[in-house]
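Trainee: Sharing coords.tsv here; it has TSV, N, CA and C atoms.
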chain	number	residue	atom	x	y	z
A	1	MET	N	38.44	-1.91	-3.12
A	1	MET	CA	37.94	-2.78	-2.08
A	1	MET	C	39.15	-3.40	-1.37
A	2	THR	N	39.07	-3.47	-0.07
A	2	THR	CA	40.18	-4.04	0.70
A	2	THR	C	40.21	-5.56	0.54
A	3	GLU	N	41.34	-6.12	0.91
A	3	GLU	CA	41.47	-7.58	0.83
A	3	GLU	C	40.48	-8.26	1.78
A	4	ALA	N	40.28	-7.69	2.96
A	4	ALA	CA	39.31	-8.27	3.90
A	4	ALA	C	37.90	-8.24	3.33
A	5	ALA	N	37.57	-7.16	2.63
A	5	ALA	CA	36.24	-7.04	2.03
A	5	ALA	C	36.03	-8.06	0.93
A	6	ILE	N	37.01	-8.22	0.07
A	6	ILE	CA	36.86	-9.19	-1.02
A	6	ILE	C	36.84	-10.61	-0.47
A	7	GLU	N	37.57	-10.86	0.60
A	7	GLU	CA	37.53	-12.18	1.23
A	7	GLU	C	36.15	-12.46	1.82
A	8	ALA	N	35.52	-11.44	2.40
A	8	ALA	CA	34.16	-11.60	2.94
A	8	ALA	C	33.18	-11.91	1.83
A	9	VAL	N	33.30	-11.21	0.71
A	9	VAL	CA	32.43	-11.46	-0.44
A	9	VAL	C	32.70	-12.85	-1.00
A	10	ASN	N	33.96	-13.24	-1.08
A	10	ASN	CA	34.32	-14.57	-1.58
A	10	ASN	C	33.76	-15.67	-0.69
A	11	THR	N	33.85	-15.50	0.60
A	11	THR	CA	33.32	-16.49	1.54
A	11	THR	C	31.81	-16.62	1.38
A	12	ALA	N	31.12	-15.49	1.28
A	12	ALA	CA	29.66	-15.51	1.12
A	12	ALA	C	29.28	-16.12	-0.23
A	13	LEU	N	30.04	-15.83	-1.27
A	13	LEU	CA	29.77	-16.40	-2.59
A	13	LEU	C	29.97	-17.92	-2.57
A	14	GLY	N	31.01	-18.38	-1.91
A	14	GLY	CA	31.24	-19.81	-1.80
A	14	GLY	C	30.13	-20.52	-1.04
A	15	ALA	N	29.67	-19.90	0.04
A	15	ALA	CA	28.57	-20.49	0.82
A	15	ALA	C	27.29	-20.54	-0.01
A	16	TYR	N	27.05	-19.49	-0.78
A	16	TYR	CA	25.86	-19.45	-1.63
A	16	TYR	C	25.94	-20.53	-2.72
A	17	THR	N	27.10	-20.69	-3.30
A	17	THR	CA	27.28	-21.69	-4.35
A	17	THR	C	27.06	-23.10	-3.79
A	18	ARG	N	27.61	-23.36	-2.61
A	18	ARG	CA	27.42	-24.68	-1.99
A	18	ARG	C	25.96	-24.91	-1.63
A	19	ALA	N	25.30	-23.91	-1.06
A	19	ALA	CA	23.89	-24.06	-0.68
A	19	ALA	C	23.02	-24.26	-1.91
A	20	ASP	N	23.36	-23.57	-3.00
A	20	ASP	CA	22.60	-23.71	-4.23
A	20	ASP	C	22.74	-25.12	-4.80
A	21	ALA	N	23.89	-25.73	-4.62
A	21	ALA	CA	24.14	-27.05	-5.18
A	21	ALA	C	23.58	-28.17	-4.32
A	22	THR	N	23.60	-27.99	-3.00
A	22	THR	CA	23.26	-29.11	-2.13
A	22	THR	C	22.26	-28.79	-1.03
A	23	GLY	N	21.94	-27.54	-0.82
A	23	GLY	CA	21.12	-27.16	0.32
A	23	GLY	C	19.63	-27.16	0.04
A	24	SER	N	18.91	-27.00	1.11
A	24	SER	CA	17.46	-26.86	1.00
A	24	SER	C	17.14	-25.44	0.53
A	25	ALA	N	15.89	-25.20	0.23
A	25	ALA	CA	15.48	-23.86	-0.21
A	25	ALA	C	15.76	-22.84	0.89
A	26	GLU	N	15.56	-23.22	2.13
A	26	GLU	CA	15.85	-22.30	3.25
A	26	GLU	C	17.33	-21.97	3.32
A	27	ASP	N	18.18	-22.97	3.12
A	27	ASP	CA	19.62	-22.75	3.13
A	27	ASP	C	20.04	-21.84	1.98
A	28	GLN	N	19.44	-22.03	0.82
A	28	GLN	CA	19.75	-21.20	-0.34
A	28	GLN	C	19.36	-19.75	-0.10
A	29	ILE	N	18.18	-19.54	0.46
A	29	ILE	CA	17.72	-18.17	0.74
A	29	ILE	C	18.60	-17.51	1.78
A	30	ARG	N	18.94	-18.24	2.82
A	30	ARG	CA	19.80	-17.69	3.88
A	30	ARG	C	21.17	-17.32	3.32
A	31	ALA	N	21.75	-18.20	2.51
A	31	ALA	CA	23.07	-17.93	1.92
A	31	ALA	C	23.01	-16.76	0.95
A	32	TYR	N	21.92	-16.67	0.18
A	32	TYR	CA	21.78	-15.56	-0.77
A	32	TYR	C	21.66	-14.24	-0.02
A	33	ASN	N	20.91	-14.23	1.07
A	33	ASN	CA	20.78	-13.01	1.87
A	33	ASN	C	22.12	-12.59	2.45
A	34	ARG	N	22.91	-13.55	2.91
A	34	ARG	CA	24.24	-13.23	3.43
A	34	ARG	C	25.15	-12.70	2.32
A	35	LEU	N	25.02	-13.29	1.14
A	35	LEU	CA	25.81	-12.80	0.00
A	35	LEU	C	25.42	-11.36	-0.33
A	36	CYS	N	24.13	-11.08	-0.38
A	36	CYS	CA	23.68	-9.72	-0.66
A	36	CYS	C	24.20	-8.75	0.39
A	37	ASP	N	24.12	-9.13	1.66
A	37	ASP	CA	24.63	-8.27	2.73
A	37	ASP	C	26.11	-7.98	2.53
A	38	ALA	N	26.89	-9.02	2.21
A	38	ALA	CA	28.33	-8.84	2.01
A	38	ALA	C	28.60	-7.94	0.80
A	39	CYS	N	27.85	-8.14	-0.27
A	39	CYS	CA	28.05	-7.33	-1.47
A	39	CYS	C	27.73	-5.86	-1.20
A	40	PHE	N	26.56	-5.61	-0.63
A	40	PHE	CA	26.14	-4.23	-0.40
A	40	PHE	C	27.01	-3.52	0.63
A	41	ALA	N	27.52	-4.26	1.59
A	41	ALA	CA	28.41	-3.67	2.59
A	41	ALA	C	29.78	-3.33	2.01
A	42	ASN	N	30.10	-3.91	0.85
A	42	ASN	CA	31.43	-3.72	0.28
A	42	ASN	C	31.42	-3.07	-1.09
A	43	GLY	N	30.41	-2.27	-1.37
A	43	GLY	CA	30.46	-1.43	-2.55
A	43	GLY	C	29.56	-1.79	-3.70
A	44	CYS	N	28.79	-2.83	-3.61
A	44	CYS	CA	27.88	-3.19	-4.69
A	44	CYS	C	26.75	-2.16	-4.76
A	45	PRO	N	26.47	-1.62	-5.94
A	45	PRO	CA	25.37	-0.66	-6.06
A	45	PRO	C	24.04	-1.33	-5.71
A	46	LEU	N	23.17	-0.59	-5.08
A	46	LEU	CA	21.87	-1.13	-4.68
A	46	LEU	C	20.98	-1.48	-5.86
A	47	ASP	N	21.24	-0.90	-7.00
A	47	ASP	CA	20.38	-1.15	-8.17
A	47	ASP	C	20.95	-2.21	-9.11
A	48	VAL	N	21.96	-2.95	-8.67
A	48	VAL	CA	22.52	-4.00	-9.51
A	48	VAL	C	21.48	-5.10	-9.69
A	49	ALA	N	21.43	-5.67	-10.89
A	49	ALA	CA	20.41	-6.67	-11.19
A	49	ALA	C	20.63	-7.96	-10.40
A	50	GLU	N	21.87	-8.39	-10.27
A	50	GLU	CA	22.14	-9.66	-9.58
A	50	GLU	C	23.43	-9.54	-8.76
A	51	PRO	N	23.31	-9.43	-7.45
A	51	PRO	CA	24.50	-9.31	-6.61
A	51	PRO	C	25.47	-10.49	-6.75
A	52	ALA	N	24.97	-11.68	-7.02
A	52	ALA	CA	25.86	-12.83	-7.19
A	52	ALA	C	26.78	-12.64	-8.39
A	53	ASP	N	26.27	-12.05	-9.46
A	53	ASP	CA	27.11	-11.77	-10.63
A	53	ASP	C	28.16	-10.71	-10.30
A	54	TRP	N	27.76	-9.68	-9.56
A	54	TRP	CA	28.69	-8.64	-9.14
A	54	TRP	C	29.80	-9.27	-8.30
A	55	ALA	N	29.41	-10.13	-7.36
A	55	ALA	CA	30.40	-10.78	-6.49
A	55	ALA	C	31.34	-11.66	-7.31
A	56	SER	N	30.78	-12.44	-8.22
A	56	SER	CA	31.60	-13.33	-9.05
A	56	SER	C	32.63	-12.54	-9.84
A	57	PHE	N	32.21	-11.43	-10.42
A	57	PHE	CA	33.11	-10.61	-11.22
A	57	PHE	C	34.25	-10.07	-10.37
A	58	HIS	N	33.93	-9.53	-9.19
A	58	HIS	CA	34.96	-8.93	-8.36
A	58	HIS	C	35.89	-9.98	-7.75
A	59	VAL	N	35.36	-11.14	-7.39
A	59	VAL	CA	36.21	-12.20	-6.88
A	59	VAL	C	37.14	-12.69	-7.99
A	60	MET	N	36.62	-12.82	-9.22
A	60	MET	CA	37.45	-13.25	-10.34
A	60	MET	C	38.59	-12.25	-10.58
A	61	GLN	N	38.28	-10.95	-10.55
A	61	GLN	CA	39.33	-9.94	-10.73
A	61	GLN	C	40.40	-10.07	-9.64
A	62	TRP	N	39.97	-10.31	-8.41
A	62	TRP	CA	40.88	-10.43	-7.29
A	62	TRP	C	41.78	-11.64	-7.48
A	63	LEU	N	41.21	-12.76	-7.90
A	63	LEU	CA	41.99	-13.98	-8.09
A	63	LEU	C	42.98	-13.84	-9.25
A	64	VAL	N	42.57	-13.20	-10.33
A	64	VAL	CA	43.46	-13.00	-11.48
A	64	VAL	C	44.62	-12.07	-11.10
A	65	ALA	N	44.33	-11.07	-10.28
A	65	ALA	CA	45.37	-10.12	-9.90
A	65	ALA	C	46.37	-10.73	-8.91
A	66	ALA	N	45.98	-11.80	-8.25
A	66	ALA	CA	46.85	-12.39	-7.22
A	66	ALA	C	48.03	-13.14	-7.81
Any chance you could put this one into C-alpha cells?

Mentor:
Amino acid sequence: MTEAAIEAVNTALGAYTRADATGSAEDQIRAYNRLCDACFANGCPLDVAEPADWASFHVMQWLVAA
C-alpha cells in the first residue's frame, strides 16, 4: 500500500474514532461509511468481518515501521 493510501485510511480511521466518541449516530454512520470506502479502495478484502479492525492493523504497522 502506498503512503498516500495508508494516510487516507488513517484519516478516515481517525474521523471514525472521533465520531464514535463524540458524534451523533448520523455522524458515526457517515464516518464509518467513509472508513469502509477508504479501506476497500486501498486493498481491504470485501469479505473482511470488520473494516475498522483491518484499518487499525494496517495503520499500526505503518506507524511502527516509521

Trainee: If you measure from atom CA of A:Asn10 to atom CA of A:Val59, what distance in Å do you get, rounded to one decimal?

Mentor: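 It comes out at 6.1 Å.
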
Trainee: For stretch 41-43 of chain A, list every protein, DNA or RNA residue within 12 Å, evaluated using only C-alpha atoms, and leave out those in the same chain fewer than 3 positions away; present the list as a PDB file with N, CA and C atoms, in the frame of the given file.

Mentor:
ATOM      1  N   MET A   1      38.440  -1.910  -3.120  1.00  0.00           N
ATOM      2  CA  MET A   1      37.940  -2.780  -2.080  1.00  0.00           C
ATOM      3  C   MET A   1      39.150  -3.400  -1.370  1.00  0.00           C
ATOM      4  N   THR A   2      39.070  -3.470  -0.070  1.00  0.00           N
ATOM      5  CA  THR A   2      40.180  -4.040   0.700  1.00  0.00           C
ATOM      6  C   THR A   2      40.210  -5.560   0.540  1.00  0.00           C
ATOM      7  N   GLU A   3      41.340  -6.120   0.910  1.00  0.00           N
ATOM      8  CA  GLU A   3      41.470  -7.580   0.830  1.00  0.00           C
ATOM      9  C   GLU A   3      40.480  -8.260   1.780  1.00  0.00           C
ATOM     10  N   ALA A   4      40.280  -7.690   2.960  1.00  0.00           N
ATOM     11  CA  ALA A   4      39.310  -8.270   3.900  1.00  0.00           C
ATOM     12  C   ALA A   4      37.900  -8.240   3.330  1.00  0.00           C
ATOM     13  N   ALA A   5      37.570  -7.160   2.630  1.00  0.00           N
ATOM     14  CA  ALA A   5      36.240  -7.040   2.030  1.00  0.00           C
ATOM     15  C   ALA A   5      36.030  -8.060   0.930  1.00  0.00           C
ATOM     16  N   ILE A   6      37.010  -8.220   0.070  1.00  0.00           N
ATOM     17  CA  ILE A   6      36.860  -9.190  -1.020  1.00  0.00           C
ATOM     18  C   ILE A   6      36.840 -10.610  -0.470  1.00  0.00           C
ATOM     19  N   GLU A   7      37.570 -10.860   0.600  1.00  0.00           N
ATOM     20  CA  GLU A   7      37.530 -12.180   1.230  1.00  0.00           C
ATOM     21  C   GLU A   7      36.150 -12.460   1.820  1.00  0.00           C
ATOM     22  N   ALA A   8      35.520 -11.440   2.400  1.00  0.00           N
ATOM     23  CA  ALA A   8      34.160 -11.600   2.940  1.00  0.00           C
ATOM     24  C   ALA A   8      33.180 -11.910   1.830  1.00  0.00           C
ATOM     25  N   VAL A   9      33.300 -11.210   0.710  1.00  0.00           N
ATOM     26  CA  VAL A   9      32.430 -11.460  -0.440  1.00  0.00           C
ATOM     27  C   VAL A   9      32.700 -12.850  -1.000  1.00  0.00           C
ATOM     28  N   ASN A  10      33.960 -13.240  -1.080  1.00  0.00           N
ATOM     29  CA  ASN A  10      34.320 -14.570  -1.580  1.00  0.00           C
ATOM     30  C   ASN A  10      33.760 -15.670  -0.690  1.00  0.00           C
ATOM     31  N   ALA A  12      31.120 -15.490   1.280  1.00  0.00           N
ATOM     32  CA  ALA A  12      29.660 -15.510   1.120  1.00  0.00           C
ATOM     33  C   ALA A  12      29.280 -16.120  -0.230  1.00  0.00           C
ATOM     34  N   ARG A  34      22.910 -13.550   2.910  1.00  0.00           N
ATOM     35  CA  ARG A  34      24.240 -13.230   3.430  1.00  0.00           C
ATOM     36  C   ARG A  34      25.150 -12.700   2.320  1.00  0.00           C
ATOM     37  N   LEU A  35      25.020 -13.290   1.140  1.00  0.00           N
ATOM     38  CA  LEU A  35      25.810 -12.800   0.000  1.00  0.00           C
ATOM     39  C   LEU A  35      25.420 -11.360  -0.330  1.00  0.00           C
ATOM     40  N   CYS A  36      24.130 -11.080  -0.380  1.00  0.00           N
ATOM     41  CA  CYS A  36      23.680  -9.720  -0.660  1.00  0.00           C
ATOM     42  C   CYS A  36      24.200  -8.750   0.390  1.00  0.00           C
ATOM     43  N   ASP A  37      24.120  -9.130   1.660  1.00  0.00           N
ATOM     44  CA  ASP A  37      24.630  -8.270   2.730  1.00  0.00           C
ATOM     45  C   ASP A  37      26.110  -7.980   2.530  1.00  0.00           C
ATOM     46  N   ALA A  38      26.890  -9.020   2.210  1.00  0.00           N
ATOM     47  CA  ALA A  38      28.330  -8.840   2.010  1.00  0.00           C
ATOM     48  C   ALA A  38      28.600  -7.940   0.800  1.00  0.00           C
ATOM     49  N   LEU A  46      23.170  -0.590  -5.080  1.00  0.00           N
ATOM     50  CA  LEU A  46      21.870  -1.130  -4.680  1.00  0.00           C
ATOM     51  C   LEU A  46      20.980  -1.480  -5.860  1.00  0.00           C
ATOM     52  N   ASP A  47      21.240  -0.900  -7.000  1.00  0.00           N
ATOM     53  CA  ASP A  47      20.380  -1.150  -8.170  1.00  0.00           C
ATOM     54  C   ASP A  47      20.950  -2.210  -9.110  1.00  0.00           C
ATOM     55  N   VAL A  48      21.960  -2.950  -8.670  1.00  0.00           N
ATOM     56  CA  VAL A  48      22.520  -4.000  -9.510  1.00  0.00           C
ATOM     57  C   VAL A  48      21.480  -5.100  -9.690  1.00  0.00           C
ATOM     58  N   PRO A  51      23.310  -9.430  -7.450  1.00  0.00           N
ATOM     59  CA  PRO A  51      24.500  -9.310  -6.610  1.00  0.00           C
ATOM     60  C   PRO A  51      25.470 -10.490  -6.750  1.00  0.00           C
ATOM     61  N   TRP A  54      27.760  -9.680  -9.560  1.00  0.00           N
ATOM     62  CA  TRP A  54      28.690  -8.640  -9.140  1.00  0.00           C
ATOM     63  C   TRP A  54      29.800  -9.270  -8.300  1.00  0.00           C
ATOM     64  N   ALA A  55      29.410 -10.130  -7.360  1.00  0.00           N
ATOM     65  CA  ALA A  55      30.400 -10.780  -6.490  1.00  0.00           C
ATOM     66  C   ALA A  55      31.340 -11.660  -7.310  1.00  0.00           C
ATOM     67  N   HIS A  58      33.930  -9.530  -9.190  1.00  0.00           N
ATOM     68  CA  HIS A  58      34.960  -8.930  -8.360  1.00  0.00           C
ATOM     69  C   HIS A  58      35.890  -9.980  -7.750  1.00  0.00           C
TER      70      HIS A  58
END

Trainee: Residues within 10 Å of A:Arg18, please, as a PyMOL selection string. Count only C-alpha atoms; anything in the same chain fewer than 5 positions from it doesn't count.

Mentor: chain A and resi 12-13+23+27-28+31

Trainee: Mind dumping the selected residues with N, CA and C atoms as an mmCIF file, keeping the file's coordinate frame?

Mentor:
data_model
loop_
_atom_site.group_PDB
_atom_site.id
_atom_site.type_symbol
_atom_site.label_atom_id
_atom_site.label_comp_id
_atom_site.auth_asym_id
_atom_site.auth_seq_id
_atom_site.Cartn_x
_atom_site.Cartn_y
_atom_site.Cartn_z
ATOM 1 N N ALA A 12 31.120 -15.490 1.280
ATOM 2 C CA ALA A 12 29.660 -15.510 1.120
ATOM 3 C C ALA A 12 29.280 -16.120 -0.230
ATOM 4 N N LEU A 13 30.040 -15.830 -1.270
ATOM 5 C CA LEU A 13 29.770 -16.400 -2.590
ATOM 6 C C LEU A 13 29.970 -17.920 -2.570
ATOM 7 N N GLY A 23 21.940 -27.540 -0.820
ATOM 8 C CA GLY A 23 21.120 -27.160 0.320
ATOM 9 C C GLY A 23 19.630 -27.160 0.040
ATOM 10 N N ASP A 27 18.180 -22.970 3.120
ATOM 11 C CA ASP A 27 19.620 -22.750 3.130
ATOM 12 C C ASP A 27 20.040 -21.840 1.980
ATOM 13 N N GLN A 28 19.440 -22.030 0.820
ATOM 14 C CA GLN A 28 19.750 -21.200 -0.340
ATOM 15 C C GLN A 28 19.360 -19.750 -0.100
ATOM 16 N N ALA A 31 21.750 -18.200 2.510
ATOM 17 C CA ALA A 31 23.070 -17.930 1.920
ATOM 18 C C ALA A 31 23.010 -16.760 0.950
#

Trainee: From the list A:Leu63, A:Ala25, A:Ala52, A:Ala19, which residue is nearest A:Phe40 when using only C-alpha atoms?

Mentor: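 Closest to A:Phe40 of all the choices is A:Ala52.
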
Trainee: Just to confirm, what's the straight-line distance from atom N of A:Glu50 to atom N of A:Ile29 in Å (one decimal)?

Mentor: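 Between atom N of A:Glu50 and atom N of A:Ile29 the gap is 15.9 Å.
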
Trainee: Tell me which of A:Cys39, A:Tyr32, A:Ala66, A:Pro45 sits closest to A:Asp20, counting only N, CA and C atoms.

Mentor: A:Tyr32

Trainee: DSSP on the backbone: what in chain A comes out alpha helix (DSSP H), as a ChimeraX atom specification?

Mentor: /A:3-22,25-41,51-65

Trainee: Just give me the gap between atom CA of A:Val64 and atom CA of A:Arg30 in Å, one decimal is fine.

Mentor: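 Separation of atom CA of A:Val64 and atom CA of A:Arg30: 28.6 Å.
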
Trainee: For stretch 51-57 of chain A, I'd like the enclosing box, axis-aligned and padded by 6 Å on every side, reported as lines of an AutoDock Vina configuration file with centre and edge lengths in Å to one decimal.

Mentor:
center_x = 28.8
center_y = -11.0
center_z = -8.9
size_x = 22.9
size_y = 16.7
size_z = 16.7
